[in-house]
Structure formats: C-alpha cells, structure tokens
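One file, final-v7.cif, is given below (mmCIF, C-alpha atoms, pLDDT in the B column; chains and numbers go by the auth columns).
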data_target
#
loop_
_atom_site.group_PDB
_atom_site.id
_atom_site.type_symbol
_atom_site.label_atom_id
_atom_site.label_comp_id
_atom_site.label_asym_id
_atom_site.label_seq_id
_atom_site.Cartn_x
_atom_site.Cartn_y
_atom_site.Cartn_z
_atom_site.B_iso_or_equiv
_atom_site.auth_seq_id
_atom_site.auth_asym_id
ATOM 1 C CA MET A 1 153.223 126.196 29.319 75.00 1014 V
ATOM 2 C CA SER A 2 152.696 122.943 27.478 88.00 1015 V
ATOM 3 C CA ILE A 3 150.138 120.332 28.536 87.00 1016 V
ATOM 4 C CA GLN A 4 152.987 117.980 29.462 86.00 1017 V
ATOM 5 C CA GLN A 5 154.631 120.628 31.675 87.00 1018 V
ATOM 6 C CA ARG A 6 151.312 121.356 33.380 87.00 1019 V
ATOM 7 C CA ARG A 7 150.743 117.638 34.037 88.00 1020 V
ATOM 8 C CA GLU A 8 154.238 117.248 35.473 90.00 1021 V
ATOM 9 C CA ARG A 9 153.701 120.274 37.723 92.00 1022 V
ATOM 10 C CA GLU A 10 150.333 118.913 38.890 90.00 1023 V
ATOM 11 C CA ARG A 11 151.872 115.494 39.549 91.00 1024 V
ATOM 12 C CA ALA A 12 154.688 117.027 41.589 91.00 1025 V
ATOM 13 C CA GLU A 13 152.158 119.083 43.546 94.00 1026 V
ATOM 14 C CA ARG A 14 150.088 115.955 44.317 93.00 1027 V
ATOM 15 C CA GLU A 15 153.227 114.192 45.533 93.00 1028 V
ATOM 16 C CA ARG A 16 154.066 117.127 47.812 94.00 1029 V
ATOM 17 C CA LEU A 17 150.498 117.086 49.113 94.00 1030 V
ATOM 18 C CA ILE A 18 150.678 113.351 49.871 95.00 1031 V
ATOM 19 C CA VAL A 19 154.051 113.657 51.621 95.00 1032 V
ATOM 20 C CA THR A 20 152.949 116.675 53.651 96.00 1033 V
ATOM 21 C CA ALA A 21 149.699 114.994 54.675 96.00 1034 V
ATOM 22 C CA ALA A 22 151.566 111.830 55.721 96.00 1035 V
ATOM 23 C CA ARG A 23 154.090 113.852 57.702 96.00 1036 V
ATOM 24 C CA ASP A 24 151.410 115.911 59.449 96.00 1037 V
ATOM 25 C CA LEU A 25 149.283 112.866 60.229 96.00 1038 V
ATOM 26 C CA ALA A 26 152.264 110.946 61.596 96.00 1039 V
ATOM 27 C CA GLU A 27 153.271 113.879 63.800 95.00 1040 V
ATOM 28 C CA ALA A 28 149.715 114.211 65.115 95.00 1041 V
ATOM 29 C CA GLU A 29 148.785 110.544 65.548 96.00 1042 V
ATOM 30 C CA GLY A 30 151.855 108.385 64.885 95.00 1043 V
ATOM 31 C CA TRP A 31 152.854 106.267 61.897 95.00 1044 V
ATOM 32 C CA ASP A 32 150.238 103.619 62.640 94.00 1045 V
ATOM 33 C CA ALA A 33 147.579 106.177 61.701 95.00 1046 V
ATOM 34 C CA VAL A 34 149.143 106.719 58.280 95.00 1047 V
ATOM 35 C CA THR A 35 147.381 104.424 55.828 94.00 1048 V
ATOM 36 C CA THR A 36 146.701 104.907 52.151 92.00 1049 V
ATOM 37 C CA ARG A 37 142.971 104.943 52.894 92.00 1050 V
ATOM 38 C CA ARG A 38 143.396 107.648 55.531 94.00 1051 V
ATOM 39 C CA LEU A 39 145.733 109.694 53.337 93.00 1052 V
ATOM 40 C CA ALA A 40 143.333 109.469 50.400 92.00 1053 V
ATOM 41 C CA ALA A 41 140.574 110.838 52.621 92.00 1054 V
ATOM 42 C CA GLU A 42 142.845 113.581 54.001 92.00 1055 V
ATOM 43 C CA ILE A 43 143.914 114.889 50.600 91.00 1056 V
ATOM 44 C CA GLU A 44 140.602 114.129 48.872 91.00 1057 V
ATOM 45 C CA TYR A 45 142.052 111.880 46.184 90.00 1058 V
ATOM 46 C CA SER A 46 141.316 108.210 45.589 90.00 1059 V
ATOM 47 C CA GLN A 47 143.650 105.456 46.745 91.00 1060 V
ATOM 48 C CA PRO A 48 144.546 104.616 43.120 91.00 1061 V
ATOM 49 C CA VAL A 49 145.840 108.185 42.760 90.00 1062 V
ATOM 50 C CA LEU A 50 148.117 107.622 45.774 89.00 1063 V
ATOM 51 C CA TYR A 51 149.310 104.345 44.280 92.00 1064 V
ATOM 52 C CA SER A 52 150.051 106.107 41.001 91.00 1065 V
ATOM 53 C CA HIS A 53 152.624 108.155 42.936 92.00 1066 V
ATOM 54 C CA PHE A 54 153.862 105.723 45.591 93.00 1067 V
ATOM 55 C CA LYS A 55 153.923 101.909 45.855 93.00 1068 V
ATOM 56 C CA GLY A 56 152.562 102.040 49.389 91.00 1069 V
ATOM 57 C CA LYS A 57 153.078 103.363 52.887 92.00 1070 V
ATOM 58 C CA GLY A 58 156.773 102.430 52.900 93.00 1071 V
ATOM 59 C CA ALA A 59 157.449 104.512 49.808 95.00 1072 V
ATOM 60 C CA ILE A 60 155.512 107.427 51.286 95.00 1073 V
ATOM 61 C CA MET A 61 157.484 107.132 54.523 95.00 1074 V
ATOM 62 C CA ALA A 62 160.731 107.099 52.528 96.00 1075 V
ATOM 63 C CA ALA A 63 159.670 110.293 50.729 96.00 1076 V
ATOM 64 C CA VAL A 64 158.882 111.868 54.107 97.00 1077 V
ATOM 65 C CA ALA A 65 162.327 110.793 55.354 97.00 1078 V
ATOM 66 C CA VAL A 66 164.061 112.368 52.344 97.00 1079 V
ATOM 67 C CA GLN A 67 162.187 115.623 52.920 96.00 1080 V
ATOM 68 C CA GLY A 68 163.055 115.426 56.621 97.00 1081 V
ATOM 69 C CA CYS A 69 166.745 115.032 55.809 97.00 1082 V
ATOM 70 C CA ALA A 70 166.569 118.161 53.671 98.00 1083 V
ATOM 71 C CA ASP A 71 165.003 120.028 56.598 98.00 1084 V
ATOM 72 C CA LEU A 72 167.598 118.640 59.016 98.00 1085 V
ATOM 73 C CA ALA A 73 170.451 119.671 56.720 98.00 1086 V
ATOM 74 C CA VAL A 74 169.160 123.253 56.707 98.00 1087 V
ATOM 75 C CA GLU A 75 168.949 123.349 60.507 98.00 1088 V
ATOM 76 C CA LEU A 76 172.373 121.764 61.003 98.00 1089 V
ATOM 77 C CA ARG A 77 173.941 124.151 58.477 98.00 1090 V
ATOM 78 C CA ALA A 78 172.433 127.151 60.264 98.00 1091 V
ATOM 79 C CA ALA A 79 173.756 125.924 63.616 98.00 1092 V
ATOM 80 C CA ARG A 80 177.205 125.146 62.202 97.00 1093 V
ATOM 81 C CA THR A 81 177.668 128.434 60.364 98.00 1094 V
ATOM 82 C CA ALA A 82 176.487 130.513 63.323 98.00 1095 V
ATOM 83 C CA ALA A 83 179.024 128.908 65.680 96.00 1096 V
ATOM 84 C CA LYS A 84 182.415 130.392 66.448 94.00 1097 V
ATOM 85 C CA GLY A 85 185.083 127.707 66.507 92.00 1098 V
ATOM 86 C CA THR A 86 185.323 123.953 66.233 91.00 1099 V
ATOM 87 C CA ARG A 87 184.045 122.957 69.669 89.00 1100 V
ATOM 88 C CA GLU A 88 181.186 125.444 69.476 92.00 1101 V
ATOM 89 C CA ALA A 89 180.191 124.096 66.057 94.00 1102 V
ATOM 90 C CA LEU A 90 180.143 120.511 67.383 93.00 1103 V
ATOM 91 C CA ALA A 91 177.978 121.641 70.301 92.00 1104 V
ATOM 92 C CA ALA A 92 175.647 123.740 68.155 94.00 1105 V
ATOM 93 C CA VAL A 93 175.128 120.960 65.620 96.00 1106 V
ATOM 94 C CA GLY A 94 174.613 118.421 68.419 94.00 1107 V
ATOM 95 C CA ARG A 95 171.964 120.622 70.039 93.00 1108 V
ATOM 96 C CA ALA A 96 170.290 121.304 66.677 97.00 1109 V
ATOM 97 C CA TYR A 97 170.177 117.567 65.932 97.00 1110 V
ATOM 98 C CA ALA A 98 168.679 116.737 69.352 94.00 1111 V
ATOM 99 C CA ASP A 99 166.187 119.620 69.103 95.00 1112 V
ATOM 100 C CA PHE A 100 165.074 118.445 65.664 97.00 1113 V
ATOM 101 C CA ALA A 101 164.438 114.924 67.003 96.00 1114 V
ATOM 102 C CA ARG A 102 162.549 116.322 70.004 94.00 1115 V
ATOM 103 C CA ARG A 103 160.353 118.678 67.948 95.00 1116 V
ATOM 104 C CA ARG A 104 159.581 116.205 65.152 96.00 1117 V
ATOM 105 C CA PRO A 105 159.542 112.705 66.685 96.00 1118 V
ATOM 106 C CA ALA A 106 157.514 110.985 63.946 96.00 1119 V
ATOM 107 C CA LEU A 107 159.620 112.599 61.241 96.00 1120 V
ATOM 108 C CA TYR A 108 162.804 111.567 63.061 97.00 1121 V
ATOM 109 C CA ASP A 109 161.472 108.009 63.300 96.00 1122 V
ATOM 110 C CA ALA A 110 160.845 107.907 59.543 96.00 1123 V
ATOM 111 C CA MET A 111 164.349 109.214 58.915 97.00 1124 V
ATOM 112 C CA PHE A 112 166.390 107.121 61.337 96.00 1125 V
ATOM 113 C CA THR A 113 164.382 104.557 63.286 94.00 1126 V
ATOM 114 C CA LEU A 114 161.729 102.869 61.154 94.00 1127 V
ATOM 115 C CA ALA A 115 162.690 100.516 58.334 92.00 1128 V
ATOM 116 C CA THR A 116 162.770 102.075 54.864 90.00 1129 V
ATOM 117 C CA ASP A 117 164.283 101.136 51.529 90.00 1130 V
ATOM 118 C CA LEU A 118 166.422 104.278 51.458 92.00 1131 V
ATOM 119 C CA PRO A 119 170.070 103.600 50.631 90.00 1132 V
ATOM 120 C CA PHE A 120 172.193 105.250 53.326 88.00 1133 V
ATOM 121 C CA ALA A 121 175.957 105.625 52.979 85.00 1134 V
ATOM 122 C CA THR A 122 176.039 104.670 49.312 87.00 1135 V
ATOM 123 C CA SER A 123 176.422 106.585 46.085 90.00 1136 V
ATOM 124 C CA GLU A 124 172.713 105.892 45.430 93.00 1137 V
ATOM 125 C CA ALA A 125 171.619 107.799 48.547 94.00 1138 V
ATOM 126 C CA PRO A 126 169.304 110.722 47.740 96.00 1139 V
ATOM 127 C CA ALA A 127 170.999 114.120 47.844 97.00 1140 V
ATOM 128 C CA PRO A 128 169.202 115.301 51.036 97.00 1141 V
ATOM 129 C CA LEU A 129 170.610 112.309 52.973 96.00 1142 V
ATOM 130 C CA LYS A 130 174.090 113.178 51.745 97.00 1143 V
ATOM 131 C CA GLU A 131 173.568 116.855 52.628 97.00 1144 V
ATOM 132 C CA ALA A 132 172.479 116.086 56.204 97.00 1145 V
ATOM 133 C CA PHE A 133 175.452 113.765 56.681 97.00 1146 V
ATOM 134 C CA GLY A 134 177.657 116.407 55.052 97.00 1147 V
ATOM 135 C CA GLU A 135 176.708 118.900 57.746 98.00 1148 V
ATOM 136 C CA LEU A 136 177.786 116.432 60.434 97.00 1149 V
ATOM 137 C CA LEU A 137 180.980 115.755 58.482 97.00 1150 V
ATOM 138 C CA ALA A 138 181.693 119.486 58.283 97.00 1151 V
ATOM 139 C CA VAL A 139 181.884 119.784 62.088 96.00 1152 V
ATOM 140 C CA VAL A 140 183.811 116.554 62.603 95.00 1153 V
ATOM 141 C CA GLU A 141 186.384 117.058 59.849 95.00 1154 V
ATOM 142 C CA PRO A 142 188.353 119.756 61.745 94.00 1155 V
ATOM 143 C CA ILE A 143 188.920 117.395 64.699 90.00 1156 V
ATOM 144 C CA THR A 144 189.937 114.431 62.546 91.00 1157 V
ATOM 145 C CA ALA A 145 193.540 113.452 63.209 89.00 1158 V
ATOM 146 C CA ASP A 146 195.946 112.537 60.439 91.00 1159 V
ATOM 147 C CA GLY A 147 195.271 109.013 59.278 93.00 1160 V
ATOM 148 C CA GLU A 148 191.763 108.866 60.767 92.00 1161 V
ATOM 149 C CA ASP A 149 188.778 108.128 58.548 95.00 1162 V
ATOM 150 C CA LYS A 150 186.698 111.304 58.756 95.00 1163 V
ATOM 151 C CA ALA A 151 183.544 109.554 57.504 95.00 1164 V
ATOM 152 C CA LEU A 152 183.886 106.831 60.141 94.00 1165 V
ATOM 153 C CA LEU A 153 184.501 109.418 62.846 93.00 1166 V
ATOM 154 C CA THR A 154 181.423 111.320 61.659 95.00 1167 V
ATOM 155 C CA GLU A 155 179.334 108.149 61.797 95.00 1168 V
ATOM 156 C CA THR A 156 180.509 107.669 65.393 94.00 1169 V
ATOM 157 C CA TYR A 157 179.522 111.246 66.307 94.00 1170 V
ATOM 158 C CA TRP A 158 176.135 110.727 64.649 96.00 1171 V
ATOM 159 C CA ALA A 159 175.674 107.394 66.447 96.00 1172 V
ATOM 160 C CA GLY A 160 176.376 109.093 69.776 95.00 1173 V
ATOM 161 C CA LEU A 161 173.813 111.809 69.078 96.00 1174 V
ATOM 162 C CA HIS A 162 171.262 109.279 67.837 96.00 1175 V
ATOM 163 C CA GLY A 163 171.820 107.059 70.858 95.00 1176 V
ATOM 164 C CA LEU A 164 171.272 109.904 73.312 94.00 1177 V
ATOM 165 C CA VAL A 165 168.149 111.040 71.489 94.00 1178 V
ATOM 166 C CA THR A 166 166.711 107.532 71.213 94.00 1179 V
ATOM 167 C CA LEU A 167 167.393 106.544 74.823 94.00 1180 V
ATOM 168 C CA MET A 168 165.956 109.792 76.156 90.00 1181 V
ATOM 169 C CA ARG A 169 162.835 109.588 73.979 90.00 1182 V
ATOM 170 C CA SER A 170 162.181 106.022 75.103 90.00 1183 V
ATOM 171 C CA GLY A 171 162.442 107.005 78.773 88.00 1184 V
ATOM 172 C CA ARG A 172 165.579 104.943 79.366 93.00 1185 V
ATOM 173 C CA LEU A 173 167.527 108.098 80.166 91.00 1186 V
ATOM 174 C CA PRO A 174 165.853 110.841 82.214 88.00 1187 V
ATOM 175 C CA LYS A 175 165.258 114.080 80.322 84.00 1188 V
ATOM 176 C CA ARG A 176 166.539 116.202 83.189 87.00 1189 V
ATOM 177 C CA ALA A 177 170.197 115.474 82.383 88.00 1190 V
ATOM 178 C CA HIS A 178 169.956 115.637 78.584 85.00 1191 V
ATOM 179 C CA GLU A 179 171.966 118.850 78.190 86.00 1192 V
ATOM 180 C CA GLU A 180 174.720 117.554 80.481 91.00 1193 V
ATOM 181 C CA ARG A 181 174.937 114.269 78.531 91.00 1194 V
ATOM 182 C CA LEU A 182 175.096 116.155 75.252 87.00 1195 V
ATOM 183 C CA ALA A 183 177.851 118.397 76.652 87.00 1196 V
ATOM 184 C CA LEU A 184 179.800 115.343 77.848 89.00 1197 V
ATOM 185 C CA LEU A 185 179.538 113.651 74.456 88.00 1198 V
ATOM 186 C CA ILE A 186 180.663 116.742 72.605 84.00 1199 V
ATOM 187 C CA GLY A 187 183.367 117.590 75.124 82.00 1200 V
ATOM 188 C CA HIS A 188 184.955 114.169 75.021 79.00 1201 V
ATOM 189 C CA PHE A 189 184.502 113.878 71.284 78.00 1202 V
ATOM 190 C CA ALA A 190 186.178 117.217 70.643 73.00 1203 V
ATOM 191 C CA ALA A 191 188.922 116.791 73.248 75.00 1204 V
ATOM 192 C CA GLY A 192 191.365 115.481 70.668 57.00 1205 V
ATOM 193 C CA GLY A 193 190.907 118.222 68.088 50.00 1206 V
ATOM 194 C CA ALA A 194 189.405 121.352 69.635 43.00 1207 V
#
For this file, produce the structure as structure tokens.
Amino acid sequence: MSIQQRRERERAERERLIVTAARDLAEAEGWDAVTTRRLAAEIEYSQPVLYSHFKGKGAIMAAVAVQGCADLAVELRAARTAAKGTREALAAVGRAYADFARRRPALYDAMFTLATDLPFATSEAPAPLKEAFGELLAVVEPITADGEDKALLTETYWAGLHGLVTLMRSGRLPKRAHEERLALLIGHFAAGGA
C-alpha cells in the first residue's frame, strides 16, 4: 500500500469516527450537545483536525444524515422485500419508517427535521438519499394510476408518514393510537391500487 493510499484510508477512518461520535452523542444527549469542542474531546483529536474534515457542526450533521439515509434504505428494503403483496409492502415500509424514527430520534431529526445543506429531490442529492426515497417509490409505484406522477405520489406518502411520526413524537398525537393511524393512512393510500 502506498503512503497516499494509507493517508486516504486514515482520513476516511477519521471521518467515520467523527460521524459516529456525533451520531452517538446526539442520540444520547441531543444535537445541542454536539459541538466541535465536545467531539474533539470524544474522539481524542484536536478541533483543527475536525475542521480539516468538516466545515463545522452543520457539515457533520449532514454527514450523519447521509449515513442515516443509507441505514433507512436498508431497513425499508428489508421490510419491502419481506412483504407479500402491494398493500402489505406499503404497511411494512410504513411501520419500518415509523420504527426507525422512534428508535433513532436524533438521527431522524438530522435527516428530516433540522436544517442542513443537503440537496433533496435534485440530481445532486447524495446516493443514500436517493436510495431511501427509492425504497418508498418502490412501494408506491404499483398503486400509481395511469397519468399520475409516481414521484409526487411517493412524496405524499412520505409526507403522511413524516407527519404522523413528527406529531406523535412532539406529543400532539397520543402514542396509544399510532398503529391505528398508520393503518388508516396506508389503507386509504392503497385503496386505489391495492
């Protein structure tokens, strides 16, 4: 291995370490606890080393969000491919999405709630964002009627899931009826194509 290859591998490993530390710290204490000073102490590197990888907290949060989208895509794909039929796939993906948001609230916030510079819904979007959306698209596409915009319909399905998750997490909707709400959303959404 050349010196250049070793340096690139070490740099990539440091970036993974920074992203993992930020993700873990945010999940344990919230995003307010994630500062470059705190991260530097956590990973035992100086703040200038962090800044040599990321411009600041926003860039670190964006990297966490990209990694989170990759994780979400894997979970949605597993749910979708294990389901039997269109309606079951919509339900399985909806449950997987809601479970992901429940299990990883700080990660979910970085991905879909907090402001980042990530380009969503453009050709410049990082591949993991496209892959996560692609998993939603894969369950919506079979219920898309002729002439309907499948991407727009998928965005509407996603917005419904995100709305339920966000309102429940904020206490505006009681948790006790979450499964029934999710079933209603999926049932009415799939009524036209299932």
| note | Atom pair atom CA of V:Asp1159 + atom CA of V:Ala1109, distance 27.8 Å
Test item: axis-aligned box, all listed atoms of stretch 1088-1096 of chain V, 3 Å on each side, centre and edges in Å rounded to one decimal, as AutoDock Vina command-line options:
--center_x 174.0 --center_y 126.1 --center_z 62.1 --size_x 16.1 --size_y 14.7 --size_z 13.2
| query | What does the PyMOL selection byres ((chain V and resi 1174) around 10) select in this file, as an NGL selection string? | reply | :V and (1106-1108 or 1110-1111 or 1168-1173 or 1175-1179 or 1194-1195 or 1198-1199)
Could you pull the residues within 12 Å of V:Ala1203, counting only C-alpha atoms, minus those fewer than 2 positions along the same chain, as a compact mmCIF listing (two decimals) with C-alpha atoms, in the frame of the given file?
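Written output follows (selection.txt):
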# COMPACT_ATOMS: atom_id res chain seq x y z
CA GLY V 1098 185.08 127.71 66.51
CA THR V 1099 185.32 123.95 66.23
CA ARG V 1100 184.04 122.96 69.67
CA GLU V 1101 181.19 125.44 69.48
CA ALA V 1102 180.19 124.10 66.06
CA LEU V 1103 180.14 120.51 67.38
CA ALA V 1104 177.98 121.64 70.30
CA GLY V 1107 174.61 118.42 68.42
CA VAL V 1152 181.88 119.78 62.09
CA VAL V 1153 183.81 116.55 62.60
CA GLU V 1154 186.38 117.06 59.85
CA PRO V 1155 188.35 119.76 61.74
CA ILE V 1156 188.92 117.40 64.70
CA THR V 1157 189.94 114.43 62.55
CA ALA V 1158 193.54 113.45 63.21
CA LEU V 1166 184.50 109.42 62.85
CA THR V 1167 181.42 111.32 61.66
CA TYR V 1170 179.52 111.25 66.31
CA ALA V 1196 177.85 118.40 76.65
CA LEU V 1197 179.80 115.34 77.85
CA LEU V 1198 179.54 113.65 74.46
CA ILE V 1199 180.66 116.74 72.60
CA GLY V 1200 183.37 117.59 75.12
CA HIS V 1201 184.96 114.17 75.02
CA GLY V 1205 191.36 115.48 70.67
CA GLY V 1206 190.91 118.22 68.09
CA ALA V 1207 189.40 121.35 69.64
| Exercise: stretch 1078-1094 of chain V partners within 10 Å, all atoms listed in the file, chain neighbours under 3 positions left out, as a ChimeraX atom specification | /V:1029,1032-1033,1036,1072-1075,1097-1099,1101-1110,1112-1114,1117,1119-1125,1127,1129,1131,1138-1149,1151-1152
| query | atom CA of V:Gly1184 and atom CA of V:Glu1042, how far apart in Å? | reply |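 If I compute the distance from atom CA of V:Glu1042 to atom CA of V:Gly1184, I get 19.3 Å.
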| query | Care to translate the PyMOL selection byres ((chain V and resi 1050-1067) around 8) into actual residues of this file, as a list in words? | reply | Glu1028, Leu1030, Ile1031, Ala1034, Ala1035, Ala1046, Val1047, Thr1048, Thr1049, Lys1068, Gly1069, Lys1070, Ala1072 and Ile1073 of chain V
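Relative to atom CA of V:Ser1183, atom CA of V:Val1077 is found at 22.0 Å.
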